[in-house]
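Peer 1: Data file entry.pdb (PDB, C-alpha atoms) is appended below.
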ATOM      1  CA  MET S   1      -0.546  28.261 -53.314
ATOM      2  CA  LEU S   2       2.634  29.215 -51.467
ATOM      3  CA  TRP S   3       4.701  26.098 -51.992
ATOM      4  CA  PRO S   4       4.513  25.763 -55.849
ATOM      5  CA  ASN S   5       6.104  29.214 -56.101
ATOM      6  CA  ALA S   6       8.810  28.235 -53.660
ATOM      7  CA  THR S   7       9.435  25.047 -55.657
ATOM      8  CA  ARG S   8       9.920  27.035 -58.860
ATOM      9  CA  VAL S   9      12.432  29.288 -57.108
ATOM     10  CA  LEU S  10      14.375  26.305 -55.799
ATOM     11  CA  ARG S  11      14.397  24.829 -59.294
ATOM     12  CA  ARG S  12      15.872  28.066 -60.601
ATOM     13  CA  LEU S  13      18.543  27.884 -57.937
ATOM     14  CA  GLY S  14      19.249  24.325 -59.126
ATOM     15  CA  VAL S  15      19.568  25.568 -62.682
ATOM     16  CA  LEU S  16      21.994  28.224 -61.499
ATOM     17  CA  GLU S  17      24.111  25.603 -59.782
ATOM     18  CA  LYS S  18      24.204  23.470 -62.923
ATOM     19  CA  VAL S  19      25.092  26.459 -65.107
ATOM     20  CA  LEU S  20      27.949  27.415 -62.810
ATOM     21  CA  SER S  21      29.204  23.828 -62.641
ATOM     22  CA  ARG S  22      29.363  23.680 -66.460
ATOM     23  CA  SER S  23      31.049  27.044 -66.763
ATOM     24  CA  GLY S  24      34.487  25.455 -67.112
ATOM     25  CA  ARG S  25      33.303  23.307 -70.033
ATOM     26  CA  ASN S  26      31.384  26.102 -71.770
ATOM     27  CA  ARG S  27      33.963  28.826 -71.921
ATOM     28  CA  HIS S  28      32.621  29.974 -75.228
ATOM     29  CA  PHE S  29      29.446  31.075 -73.383
ATOM     30  CA  PHE S  30      31.180  33.255 -70.778
ATOM     31  CA  GLY S  31      34.522  33.919 -72.383
ATOM     32  CA  ALA S  32      37.892  32.497 -71.403
ATOM     33  CA  ASN S  33      39.706  35.637 -70.148
ATOM     34  CA  ALA S  34      39.458  37.902 -67.075
ATOM     35  CA  SER S  35      36.535  39.824 -68.541
ATOM     36  CA  GLY S  36      34.810  36.482 -68.982
ATOM     37  CA  GLU S  37      35.144  35.813 -65.261
ATOM     38  CA  ILE S  38      33.497  39.181 -64.530
ATOM     39  CA  ASP S  39      30.710  38.381 -66.977
ATOM     40  CA  ARG S  40      30.071  35.057 -65.249
ATOM     41  CA  ALA S  41      29.920  36.793 -61.842
ATOM     42  CA  LYS S  42      27.448  39.377 -63.109
ATOM     43  CA  PHE S  43      25.311  36.698 -64.728
ATOM     44  CA  ALA S  44      25.251  34.609 -61.544
ATOM     45  CA  GLN S  45      24.461  37.669 -59.426
ATOM     46  CA  SER S  46      21.547  38.675 -61.642
ATOM     47  CA  ILE S  47      19.998  35.196 -61.461
ATOM     48  CA  PHE S  48      20.553  35.030 -57.693
ATOM     49  CA  LEU S  49      18.889  38.412 -57.092
ATOM     50  CA  ARG S  50      15.889  37.446 -59.201
ATOM     51  CA  CYS S  51      15.541  34.226 -57.200
ATOM     52  CA  VAL S  52      15.838  36.042 -53.856
ATOM     53  CA  ASN S  53      13.190  38.571 -54.856
ATOM     54  CA  LYS S  54      10.912  35.746 -55.940
ATOM     55  CA  MET S  55      11.470  33.939 -52.644
ATOM     56  CA  ARG S  56      10.784  37.144 -50.719
ATOM     57  CA  VAL S  57       7.374  37.492 -52.360
ATOM     58  CA  THR S  58       6.663  33.816 -51.740
ATOM     59  CA  ILE S  59       7.846  33.503 -48.150
ATOM     60  CA  SER S  60       6.628  36.841 -46.754
ATOM     61  CA  PRO S  61       2.948  35.786 -46.557
ATOM     62  CA  PHE S  62       4.034  32.545 -44.913
ATOM     63  CA  VAL S  63       6.131  34.397 -42.326
ATOM     64  CA  ALA S  64       3.237  36.765 -41.664
ATOM     65  CA  LEU S  65       0.944  33.778 -41.141
ATOM     66  CA  LEU S  66       3.384  32.241 -38.656
ATOM     67  CA  ALA S  67       3.627  35.548 -36.794
ATOM     68  CA  LEU S  68      -0.156  35.740 -36.576
ATOM     69  CA  ILE S  69      -0.378  32.188 -35.245
ATOM     70  CA  ASN S  70       2.375  32.818 -32.691
ATOM     71  CA  SER S  71       0.665  36.042 -31.630
ATOM     72  CA  ASP S  72      -2.595  34.202 -31.017
ATOM     73  CA  LEU S  73      -0.821  31.528 -29.011
ATOM     74  CA  ALA S  74       1.037  34.137 -26.961
ATOM     75  CA  GLY S  75      -2.160  35.936 -26.103
ATOM     76  CA  SER S  76      -3.703  32.711 -24.786
ATOM     77  CA  ASP S  77      -0.734  31.629 -22.637
ATOM     78  CA  LEU S  78      -2.096  33.231 -19.486
ATOM     79  CA  LYS S  79      -5.743  32.343 -19.939
ATOM     80  CA  SER S  80      -7.611  29.470 -18.362
ATOM     81  CA  GLU S  81     -11.406  29.430 -18.253
ATOM     82  CA  LYS S  82     -11.507  27.427 -15.009
ATOM     83  CA  VAL S  83      -9.044  29.677 -13.204
ATOM     84  CA  TYR S  84     -10.917  32.694 -14.542
ATOM     85  CA  SER S  85     -14.201  31.331 -13.183
ATOM     86  CA  ALA S  86     -12.541  31.043  -9.757
ATOM     87  CA  TRP S  87     -11.501  34.701  -9.908
ATOM     88  CA  LEU S  88     -15.071  35.670 -10.779
ATOM     89  CA  GLN S  89     -16.227  33.748  -7.714
ATOM     90  CA  MET S  90     -13.740  35.710  -5.602
ATOM     91  CA  TYR S  91     -15.086  39.014  -6.892
ATOM     92  CA  ASP S  92     -18.560  37.859  -5.863
ATOM     93  CA  LEU S  93     -17.188  36.961  -2.377
ATOM     94  CA  LYS S  94     -17.752  33.232  -2.957
ATOM     95  CA  PHE S  95     -14.350  32.285  -1.628
ATOM     96  CA  GLN S  96     -15.110  28.690  -0.672
ATOM     97  CA  ASP S  97     -16.462  28.056  -4.156
ATOM     98  CA  ALA S  98     -13.277  29.556  -5.585
ATOM     99  CA  HIS S  99     -11.126  27.244  -3.445
ATOM    100  CA  ILE S 100     -13.077  24.213  -4.673
ATOM    101  CA  THR S 101     -12.828  25.318  -8.315
ATOM    102  CA  LEU S 102      -9.069  25.829  -8.039
ATOM    103  CA  GLU S 103      -8.529  22.595  -6.129
ATOM    104  CA  ARG S 104     -10.216  20.616  -8.894
ATOM    105  CA  TRP S 105      -8.282  22.480 -11.562
ATOM    106  CA  GLN S 106      -4.966  21.842  -9.819
ATOM    107  CA  GLU S 107      -5.627  18.116  -9.742
ATOM    108  CA  SER S 108      -5.251  18.054 -13.532
ATOM    109  CA  HIS S 109      -2.591  20.815 -13.607
ATOM    110  CA  PRO S 110      -0.251  19.945 -10.709
ATOM    111  CA  ASP S 111       2.765  21.722 -12.197
ATOM    112  CA  ASP S 112       1.017  24.984 -13.041
ATOM    113  CA  SER S 113       1.863  27.815 -10.640
ATOM    114  CA  LEU S 114      -1.150  29.917 -11.627
ATOM    115  CA  GLY S 115      -3.576  27.725  -9.689
ATOM    116  CA  ALA S 116      -1.689  28.003  -6.403
ATOM    117  CA  ALA S 117      -1.155  31.763  -6.841
ATOM    118  CA  SER S 118      -4.871  32.255  -7.517
ATOM    119  CA  ASP S 119      -5.788  30.176  -4.478
ATOM    120  CA  ALA S 120      -3.526  32.398  -2.370
ATOM    121  CA  ALA S 121      -5.452  35.390  -3.716
ATOM    122  CA  ALA S 122      -8.714  33.785  -2.552
ATOM    123  CA  TYR S 123      -7.318  33.440   0.981
ATOM    124  CA  LEU S 124      -6.088  37.036   1.013
ATOM    125  CA  PHE S 125      -9.292  38.558  -0.376
ATOM    126  CA  SER S 126     -11.418  36.572   2.076
ATOM    127  CA  GLU S 127      -9.350  37.929   4.960
ATOM    128  CA  LEU S 128      -9.442  41.496   3.677
ATOM    129  CA  THR S 129     -13.211  41.193   3.314
ATOM    130  CA  ARG S 130     -13.641  39.769   6.822
ATOM    131  CA  LEU S 131     -11.569  42.585   8.324
ATOM    132  CA  GLY S 132     -13.304  45.303   6.288
ATOM    133  CA  VAL S 133     -10.015  46.520   4.869
ATOM    134  CA  LEU S 134     -11.293  47.213   1.358
ATOM    135  CA  GLU S 135     -13.785  49.963   2.199
ATOM    136  CA  SER S 136     -13.064  53.038   0.114
ATOM    137  CA  LYS S 137     -13.142  55.483   3.049
ATOM    138  CA  LEU S 138      -9.951  53.878   4.295
ATOM    139  CA  PHE S 139      -8.151  54.762   1.068
ATOM    140  CA  THR S 140      -9.709  58.141   0.318
ATOM    141  CA  ASP S 141      -8.896  59.587   3.749
ATOM    142  CA  ASP S 142      -5.146  59.621   4.357
ATOM    143  CA  ASN S 143      -5.493  60.380   8.075
ATOM    144  CA  ARG S 144      -7.906  57.498   8.517
ATOM    145  CA  PHE S 145      -5.433  55.175   6.775
ATOM    146  CA  LYS S 146      -2.512  56.340   8.927
ATOM    147  CA  ASN S 147      -4.506  55.943  12.134
ATOM    148  CA  ARG S 148      -6.270  52.725  11.155
ATOM    149  CA  LYS S 149      -6.705  50.128  13.861
ATOM    150  CA  THR S 150      -4.490  47.112  14.237
ATOM    151  CA  TRP S 151      -6.104  44.111  12.645
ATOM    152  CA  ASP S 152      -6.431  40.686  14.211
ATOM    153  CA  PRO S 153      -5.688  38.305  11.321
ATOM    154  CA  ASP S 154      -6.823  34.702  11.333
ATOM    155  CA  PRO S 155      -3.690  32.540  11.848
ATOM    156  CA  LYS S 156      -5.199  29.612   9.907
ATOM    157  CA  VAL S 157      -5.912  31.803   6.907
ATOM    158  CA  LYS S 158      -2.412  33.261   7.082
ATOM    159  CA  ASP S 159      -0.918  29.772   7.203
ATOM    160  CA  SER S 160      -2.950  28.636   4.181
ATOM    161  CA  PHE S 161      -2.084  31.848   2.341
ATOM    162  CA  THR S 162       1.626  31.395   3.021
ATOM    163  CA  LYS S 163       1.611  27.750   1.943
ATOM    164  CA  ARG S 164      -0.094  28.570  -1.345
ATOM    165  CA  ILE S 165       2.332  31.431  -2.009
ATOM    166  CA  GLU S 166       5.303  29.169  -1.373
ATOM    167  CA  GLN S 167       3.828  26.441  -3.584
ATOM    168  CA  ALA S 168       3.218  28.915  -6.413
ATOM    169  CA  ASP S 169       6.752  30.293  -6.128
ATOM    170  CA  LEU S 170       8.261  26.811  -6.177
ATOM    171  CA  LEU S 171       6.346  25.818  -9.296
ATOM    172  CA  ALA S 172       6.987  29.137 -11.047
ATOM    173  CA  ASP S 173      10.709  29.080 -10.264
ATOM    174  CA  SER S 174      10.942  25.521 -11.573
ATOM    175  CA  ALA S 175       9.220  26.532 -14.815
ATOM    176  CA  LEU S 176      11.450  29.588 -15.233
ATOM    177  CA  GLN S 177      14.568  27.456 -14.812
ATOM    178  CA  LYS S 178      13.430  25.504 -17.861
ATOM    179  CA  SER S 179      12.389  28.606 -19.794
ATOM    180  CA  GLY S 180      12.967  32.161 -18.650
ATOM    181  CA  THR S 181      10.175  33.293 -20.958
ATOM    182  CA  ASP S 182       7.420  31.120 -19.474
ATOM    183  CA  ALA S 183       4.544  33.633 -19.439
ATOM    184  CA  ARG S 184       2.391  31.808 -16.902
ATOM    185  CA  ALA S 185       5.291  31.476 -14.475
ATOM    186  CA  LEU S 186       6.209  35.152 -14.870
ATOM    187  CA  PHE S 187       2.607  36.145 -14.225
ATOM    188  CA  ALA S 188       2.430  33.862 -11.183
ATOM    189  CA  LYS S 189       5.525  35.581  -9.768
ATOM    190  CA  THR S 190       3.965  39.009 -10.235
ATOM    191  CA  LEU S 191       0.913  37.718  -8.376
ATOM    192  CA  THR S 192       2.804  36.182  -5.460
ATOM    193  CA  TYR S 193       4.869  39.307  -4.842
ATOM    194  CA  GLY S 194       1.810  41.534  -5.211
ATOM    195  CA  LEU S 195      -0.222  39.389  -2.813
ATOM    196  CA  ARG S 196       2.599  39.392  -0.279
ATOM    197  CA  ALA S 197       2.814  43.173  -0.539
ATOM    198  CA  ASP S 198      -0.940  43.512   0.023
ATOM    199  CA  TYR S 199      -0.892  41.222   3.061
ATOM    200  CA  VAL S 200       1.981  42.907   4.887
ATOM    201  CA  ALA S 201       0.789  46.434   3.988
ATOM    202  CA  LEU S 202      -2.955  46.152   4.573
ATOM    203  CA  ILE S 203      -3.078  43.603   7.385
ATOM    204  CA  GLU S 204       0.274  43.852   9.160
ATOM    205  CA  GLY S 205       0.942  47.532   8.465
ATOM    206  CA  ARG S 206       4.526  46.958   7.272
ATOM    207  CA  GLY S 207       4.869  49.477   4.485
ATOM    208  CA  LEU S 208       8.610  49.119   3.902
ATOM    209  CA  LYS S 209       8.362  45.360   3.549
ATOM    210  CA  ALA S 210       5.472  45.816   1.138
ATOM    211  CA  LEU S 211       7.600  48.200  -0.904
ATOM    212  CA  SER S 212      10.332  45.576  -1.143
ATOM    213  CA  TYR S 213       7.863  42.987  -2.432
ATOM    214  CA  THR S 214       6.463  45.506  -4.904
ATOM    215  CA  LYS S 215       9.887  46.204  -6.403
ATOM    216  CA  SER S 216      10.625  42.483  -6.746
ATOM    217  CA  GLY S 217       7.287  41.852  -8.422
ATOM    218  CA  ARG S 218       7.850  44.707 -10.873
ATOM    219  CA  ILE S 219      10.892  42.895 -12.293
ATOM    220  CA  TYR S 220       8.724  39.974 -13.379
ATOM    221  CA  ALA S 221       5.887  42.224 -14.533
ATOM    222  CA  ASN S 222       8.214  44.264 -16.747
ATOM    223  CA  LYS S 223       9.712  41.140 -18.278
ATOM    224  CA  LEU S 224       6.255  39.747 -19.000
ATOM    225  CA  MET S 225       5.072  43.038 -20.523
ATOM    226  CA  THR S 226       8.159  43.104 -22.734
ATOM    227  CA  LEU S 227       7.555  39.551 -23.928
ATOM    228  CA  GLN S 228       3.800  39.977 -24.263
ATOM    229  CA  PRO S 229       2.590  43.594 -24.402
ATOM    230  CA  ASP S 230      -0.963  42.226 -24.502
ATOM    231  CA  ALA S 231      -0.585  40.591 -21.056
ATOM    232  CA  TYR S 232      -2.664  43.409 -19.606
ATOM    233  CA  ASP S 233      -3.009  41.880 -16.138
ATOM    234  CA  ALA S 234       0.722  42.464 -15.665
ATOM    235  CA  TYR S 235       0.200  46.236 -15.771
ATOM    236  CA  LEU S 236      -1.754  46.210 -12.489
ATOM    237  CA  GLY S 237       1.191  45.859 -10.090
ATOM    238  CA  PRO S 238       3.291  48.684 -11.590
ATOM    239  CA  GLY S 239       0.113  50.748 -11.876
ATOM    240  CA  ILE S 240      -0.630  50.397  -8.160
ATOM    241  CA  GLU S 241       2.970  51.230  -7.299
ATOM    242  CA  ASN S 242       3.041  54.358  -9.453
ATOM    243  CA  TYR S 243      -0.344  55.653  -8.347
ATOM    244  CA  LEU S 244      -0.203  54.956  -4.600
ATOM    245  CA  LEU S 245       3.352  56.192  -4.155
ATOM    246  CA  SER S 246       2.505  59.356  -6.105
ATOM    247  CA  LEU S 247       0.113  60.240  -3.260
ATOM    248  CA  LYS S 248       2.970  60.485  -0.765
ATOM    249  CA  PRO S 249       4.423  63.881   0.320
ATOM    250  CA  VAL S 250       6.905  65.484  -2.079
ATOM    251  CA  ALA S 251       9.995  64.828   0.043
ATOM    252  CA  LEU S 252       9.097  61.171   0.415
ATOM    253  CA  ARG S 253       8.436  60.827  -3.314
ATOM    254  CA  VAL S 254      11.928  62.131  -4.046
ATOM    255  CA  LEU S 255      13.392  59.576  -1.647
ATOM    256  CA  LEU S 256      11.321  56.779  -3.154
ATOM    257  CA  ARG S 257      12.522  57.631  -6.657
ATOM    258  CA  PHE S 258      16.095  57.677  -5.383
ATOM    259  CA  THR S 259      15.672  54.163  -3.961
ATOM    260  CA  GLY S 260      14.301  52.780  -7.234
ATOM    261  CA  SER S 261      10.536  53.037  -6.780
ATOM    262  CA  GLU S 262       8.252  54.194  -9.582
ATOM    263  CA  VAL S 263       6.317  57.313  -8.606
ATOM    264  CA  ASP S 264       4.300  58.601 -11.552
ATOM    265  CA  ARG S 265       0.606  59.275 -10.976
ATOM    266  CA  GLU S 266      -0.467  59.600 -14.612
ATOM    267  CA  LYS S 267       1.537  56.575 -15.687
ATOM    268  CA  GLY S 268       0.011  54.599 -12.830
ATOM    269  CA  LEU S 269      -3.527  55.551 -13.824
ATOM    270  CA  GLU S 270      -2.815  54.670 -17.450
ATOM    271  CA  GLN S 271      -1.497  51.261 -16.410
ATOM    272  CA  LEU S 272      -4.577  50.645 -14.264
ATOM    273  CA  ARG S 273      -6.794  51.622 -17.196
ATOM    274  CA  LYS S 274      -5.034  49.091 -19.430
ATOM    275  CA  THR S 275      -5.873  46.316 -16.987
ATOM    276  CA  ALA S 276      -9.402  47.646 -16.488
ATOM    277  CA  LEU S 277     -10.064  47.750 -20.242
ATOM    278  CA  GLU S 278      -8.205  44.684 -21.488
ATOM    279  CA  GLY S 279      -7.295  42.627 -18.427
ATOM    280  CA  TYR S 280      -8.489  39.089 -17.774
ATOM    281  CA  TYR S 281      -8.201  37.906 -14.166
ATOM    282  CA  LEU S 282      -7.554  41.335 -12.644
ATOM    283  CA  GLU S 283      -9.892  43.509 -14.722
ATOM    284  CA  PRO S 284     -12.571  43.951 -11.989
ATOM    285  CA  PHE S 285      -9.940  44.701  -9.353
ATOM    286  CA  ALA S 286      -8.383  47.373 -11.565
ATOM    287  CA  LYS S 287     -11.823  48.952 -11.998
ATOM    288  CA  LEU S 288     -12.325  49.053  -8.237
ATOM    289  CA  LEU S 289      -9.000  50.862  -7.867
ATOM    290  CA  LEU S 290     -10.011  53.350 -10.560
ATOM    291  CA  ALA S 291     -13.228  53.978  -8.637
ATOM    292  CA  VAL S 292     -11.177  54.776  -5.530
ATOM    293  CA  ALA S 293      -8.978  57.083  -7.613
ATOM    294  CA  ALA S 294     -12.098  58.858  -8.906
ATOM    295  CA  LEU S 295     -13.327  59.364  -5.333
ATOM    296  CA  ARG S 296      -9.976  60.848  -4.350
ATOM    297  CA  ASP S 297     -10.205  63.201  -7.340
ATOM    298  CA  LYS S 298     -13.700  64.345  -6.260
ATOM    299  CA  GLN S 299     -15.372  62.643  -9.217
ATOM    300  CA  PRO S 300     -18.270  60.797  -7.546
ATOM    301  CA  GLU S 301     -20.227  60.318 -10.787
ATOM    302  CA  LYS S 302     -17.329  58.508 -12.396
ATOM    303  CA  ALA S 303     -16.897  56.336  -9.321
ATOM    304  CA  ARG S 304     -20.624  55.620  -9.248
ATOM    305  CA  ASP S 305     -20.616  54.438 -12.870
ATOM    306  CA  ILE S 306     -17.751  52.034 -12.219
ATOM    307  CA  LEU S 307     -19.241  50.670  -9.003
ATOM    308  CA  SER S 308     -22.695  50.287 -10.549
ATOM    309  CA  ASP S 309     -21.239  48.158 -13.341
ATOM    310  CA  LEU S 310     -19.350  45.999 -10.836
ATOM    311  CA  HIS S 311     -22.451  45.631  -8.667
ATOM    312  CA  LYS S 312     -24.485  44.357 -11.639
ATOM    313  CA  ARG S 313     -21.826  41.783 -12.477
ATOM    314  CA  PHE S 314     -21.238  40.680  -8.882
ATOM    315  CA  PRO S 315     -24.520  41.143  -7.017
ATOM    316  CA  ASP S 316     -23.398  39.106  -3.982
ATOM    317  CA  ASN S 317     -20.484  41.431  -3.277
ATOM    318  CA  LYS S 318     -21.858  43.768  -0.632
ATOM    319  CA  LEU S 319     -18.826  46.033  -0.864
ATOM    320  CA  TYR S 320     -20.155  47.593  -4.067
ATOM    321  CA  SER S 321     -23.622  48.201  -2.675
ATOM    322  CA  VAL S 322     -22.154  49.730   0.510
ATOM    323  CA  GLU S 323     -20.047  52.115  -1.546
ATOM    324  CA  LEU S 324     -22.989  53.025  -3.790
ATOM    325  CA  ASN S 325     -25.163  53.728  -0.728
ATOM    326  CA  ARG S 326     -22.437  55.922   0.699
ATOM    327  CA  LEU S 327     -22.257  57.870  -2.545
ATOM    328  CA  ALA S 328     -26.022  58.296  -2.565
ATOM    329  CA  THR S 329     -25.924  60.043   0.822
ATOM    330  CA  GLN S 330     -23.195  62.496  -0.118
TER     331      GLN S 330
END
Turn the structure described in the file into structure tokens.
Peer 2:
Amino acid sequence: MLWPNATRVLRRLGVLEKVLSRSGRNRHFFGANASGEIDRAKFAQSIFLRCVNKMRVTISPFVALLALINSDLAGSDLKSEKVYSAWLQMYDLKFQDAHITLERWQESHPDDSLGAASDAAAYLFSELTRLGVLESKLFTDDNRFKNRKTWDPDPKVKDSFTKRIEQADLLADSALQKSGTDARALFAKTLTYGLRADYVALIEGRGLKALSYTKSGRIYANKLMTLQPDAYDAYLGPGIENYLLSLKPVALRVLLRFTGSEVDREKGLEQLRKTALEGYYLEPFAKLLLAVAALRDKQPEKARDILSDLHKRFPDNKLYSVELNRLATQ
């Protein structure tokens, strides 16, 4: 129904062209003096405006349809059911299964950086789980976190983690050289920098280095959020930065702002909520962080609701049951 209208408009434009081309031969129609020239201009303008208005009515629905299609495609750029299933396996502490799932997926997607970045996440989460780093008491008690013991990381896991990170970066950088707006590559870069920050902060205890990685990752996250505001997983990194740094002493927060860090507690919580409500790969992780935030704010019921939901979805993850048991004894 759209194109017949457009055809009629184009025909009218053709008529206009013919009328104007015959204007020299039909001076009696327009007049042969200066006022006749003005009359011809007004006549042509009136026809042109009518045609433009007609085209606007005709084309607008078509443009809207294209925008809707492009929006749907943009929203699906980051999503892969197989990669998502691997993340679900990670949340249920089935790391070897996640490695196998991602290995098979990468065989048919060798140039996609998201697979390698996700596999790096599986190595990191398995190590954090083995070391017991993710227990909430470590993050709700600042003194306990400052005086935490030195971990003994597995060198093989670290080597595999590093190789996957480097592979993901190489593939993502290659994709971004071809197109600076490649959503999957931008998301992979946010992941690799975030995973690096987690490793050096939580396992190696190098906070300043973690801060450097966080800032670098935020550049890619912000670009992705600008291109695709519905890429809700990208809000996690900036959300963690804003929330965790807001917990620092006042003097340190001032210094962090001065050096370019984002230190806004409410903004951080809002960003975490966006990922928790609408995220894809990182939605469960964002919810776990919100549970920790609720515990810090002395809201055990809120934390219990979040952890109970996660425990139902991932029954093999003992972390949730441990936290729920701890809450039950308080």
Peer 1: Evaluate the PyMOL selection byres ((chain S and resi 295) around 12) here and jot the selected residues down as an NGL selection string.
Peer 2: :S and (136-141 or 288-294 or 296-307 or 323-324 or 326-327 or 330)
Peer 1: Write out the residues from the selection above, keeping C-alpha atoms, as a compact mmCIF listing (two decimals), in the frame of the given file.
Peer 2:
# COMPACT_ATOMS: atom_id res chain seq x y z
CA SER S 136 -13.06 53.04 0.11
CA LYS S 137 -13.14 55.48 3.05
CA LEU S 138 -9.95 53.88 4.30
CA PHE S 139 -8.15 54.76 1.07
CA THR S 140 -9.71 58.14 0.32
CA ASP S 141 -8.90 59.59 3.75
CA LEU S 288 -12.32 49.05 -8.24
CA LEU S 289 -9.00 50.86 -7.87
CA LEU S 290 -10.01 53.35 -10.56
CA ALA S 291 -13.23 53.98 -8.64
CA VAL S 292 -11.18 54.78 -5.53
CA ALA S 293 -8.98 57.08 -7.61
CA ALA S 294 -12.10 58.86 -8.91
CA ARG S 296 -9.98 60.85 -4.35
CA ASP S 297 -10.20 63.20 -7.34
CA LYS S 298 -13.70 64.34 -6.26
CA GLN S 299 -15.37 62.64 -9.22
CA PRO S 300 -18.27 60.80 -7.55
CA GLU S 301 -20.23 60.32 -10.79
CA LYS S 302 -17.33 58.51 -12.40
CA ALA S 303 -16.90 56.34 -9.32
CA ARG S 304 -20.62 55.62 -9.25
CA ASP S 305 -20.62 54.44 -12.87
CA ILE S 306 -17.75 52.03 -12.22
CA LEU S 307 -19.24 50.67 -9.00
CA GLU S 323 -20.05 52.12 -1.55
CA LEU S 324 -22.99 53.02 -3.79
CA ARG S 326 -22.44 55.92 0.70
CA LEU S 327 -22.26 57.87 -2.54
CA GLN S 330 -23.20 62.50 -0.12
Peer 1: If you apply the PyMOL selection byres ((chain S and resi 262) around 12) to this file, what residues do you get, as a ChimeraX atom specification?
Peer 2: /S:211,214-215,218-219,237-247,253-261,263-268
Peer 1: My list of candidates is S:Glu283, S:Ala172, S:Glu204, S:Ser308. Which is closest to Ser321 (chain S) when distances are computed with all atoms listed in the file?
Peer 2: S:Ser308
Peer 1: Quick check, in Å to one decimal: how far apart do CA of Arg184 (chain S) and CA of Ala210 (chain S) lie?
Peer 2: 23.0 Å
Peer 1: Kindly compute an axis-aligned box around the listed atoms of region 275-285 of chain S, allowing 8 Å on each side, and express its centre and edge lengths in Å to one decimal as lines of an AutoDock Vina configuration file.
Peer 2:
center_x = -9.2
center_y = 42.8
center_z = -15.4
size_x = 22.7
size_y = 25.8
size_z = 28.1
Peer 1: Which residue is closest to Ile203 (chain S)? Choose from S:Thr129, S:Thr329, S:Gln106, S:Asn222 and count only C-alpha atoms.
Peer 2: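 Smallest separation from Ile203 (chain S) among the options: S:Thr129.
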Peer 1: Just how far from CA of Trp105 (chain S) is CA of Leu124 (chain S), in Å to one decimal?
Peer 2: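 Separation of CA of Leu124 (chain S) and CA of Trp105 (chain S): 19.4 Å.
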Peer 1: CA of Asp92 (chain S) and CA of Val322 (chain S), how far apart in Å?
Peer 2: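 Rounded to one decimal, the two atoms are 13.9 Å apart.
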Peer 1: Counting all atoms listed in the file, which residues have an atom no more than 8 Å from (-0.4, 44.7, -14.7) in the file's coordinates? Please list them as JSON, numbers by chain.
Peer 2: {"S": [221, 231, 232, 233, 234, 235, 236, 237, 238, 239, 271, 272, 274, 275]}
Peer 1: Could you write out the selected residues, including C-alpha atoms, as an mmCIF file, in the frame of the given file?
Peer 2:
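out12.cif written:
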data_model
loop_
_atom_site.group_PDB
_atom_site.id
_atom_site.type_symbol
_atom_site.label_atom_id
_atom_site.label_comp_id
_atom_site.auth_asym_id
_atom_site.auth_seq_id
_atom_site.Cartn_x
_atom_site.Cartn_y
_atom_site.Cartn_z
ATOM 1 C CA ALA S 221 5.887 42.224 -14.533
ATOM 2 C CA ALA S 231 -0.585 40.591 -21.056
ATOM 3 C CA TYR S 232 -2.664 43.409 -19.606
ATOM 4 C CA ASP S 233 -3.009 41.880 -16.138
ATOM 5 C CA ALA S 234 0.722 42.464 -15.665
ATOM 6 C CA TYR S 235 0.200 46.236 -15.771
ATOM 7 C CA LEU S 236 -1.754 46.210 -12.489
ATOM 8 C CA GLY S 237 1.191 45.859 -10.090
ATOM 9 C CA PRO S 238 3.291 48.684 -11.590
ATOM 10 C CA GLY S 239 0.113 50.748 -11.876
ATOM 11 C CA GLN S 271 -1.497 51.261 -16.410
ATOM 12 C CA LEU S 272 -4.577 50.645 -14.264
ATOM 13 C CA LYS S 274 -5.034 49.091 -19.430
ATOM 14 C CA THR S 275 -5.873 46.316 -16.987
#
Peer 1: Using only C-alpha atoms, which of S:Pro110, S:Ala183, S:Arg196, S:Gln96 sits nearest Thr226 (chain S)?
Peer 2: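 When distances to Thr226 (chain S) are compared using only C-alpha atoms, the smallest one comes from S:Ala183.
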Peer 1: Applied to the shown file, which residues does the PyMOL selection byres ((chain S and resi 97) around 12) return, written as a compact mmCIF listing (two decimals) with C-alpha atoms, in the coordinates of the input?
Peer 2:
# COMPACT_ATOMS: atom_id res chain seq x y z
CA LYS S 82 -11.51 27.43 -15.01
CA VAL S 83 -9.04 29.68 -13.20
CA SER S 85 -14.20 31.33 -13.18
CA ALA S 86 -12.54 31.04 -9.76
CA TRP S 87 -11.50 34.70 -9.91
CA LEU S 88 -15.07 35.67 -10.78
CA GLN S 89 -16.23 33.75 -7.71
CA MET S 90 -13.74 35.71 -5.60
CA TYR S 91 -15.09 39.01 -6.89
CA ASP S 92 -18.56 37.86 -5.86
CA LEU S 93 -17.19 36.96 -2.38
CA LYS S 94 -17.75 33.23 -2.96
CA PHE S 95 -14.35 32.28 -1.63
CA GLN S 96 -15.11 28.69 -0.67
CA ALA S 98 -13.28 29.56 -5.58
CA HIS S 99 -11.13 27.24 -3.44
CA ILE S 100 -13.08 24.21 -4.67
CA THR S 101 -12.83 25.32 -8.32
CA LEU S 102 -9.07 25.83 -8.04
CA GLU S 103 -8.53 22.60 -6.13
CA ARG S 104 -10.22 20.62 -8.89
CA ASP S 119 -5.79 30.18 -4.48
CA ALA S 122 -8.71 33.78 -2.55
CA TYR S 123 -7.32 33.44 0.98
CA SER S 126 -11.42 36.57 2.08
Peer 1: What's around Lys223 (chain S) at 10 Å? Count all atoms listed in the file, leave out sequence neighbours fewer than 6 positions away in its own chain, and write the answer as a list of chain:residue names.
Peer 2: S:Gly180, S:Thr181, S:Ala183, S:Leu186, S:Phe187, S:Pro229, S:Ala234
Peer 1: Please return as a PyMOL selection string every residue within 8 Å of (-3.4, 32.2, -6.6), taking into account only C-alpha atoms and the file's own coordinates.
Peer 2: chain S and resi 113-122+164-165+168+188+191-192
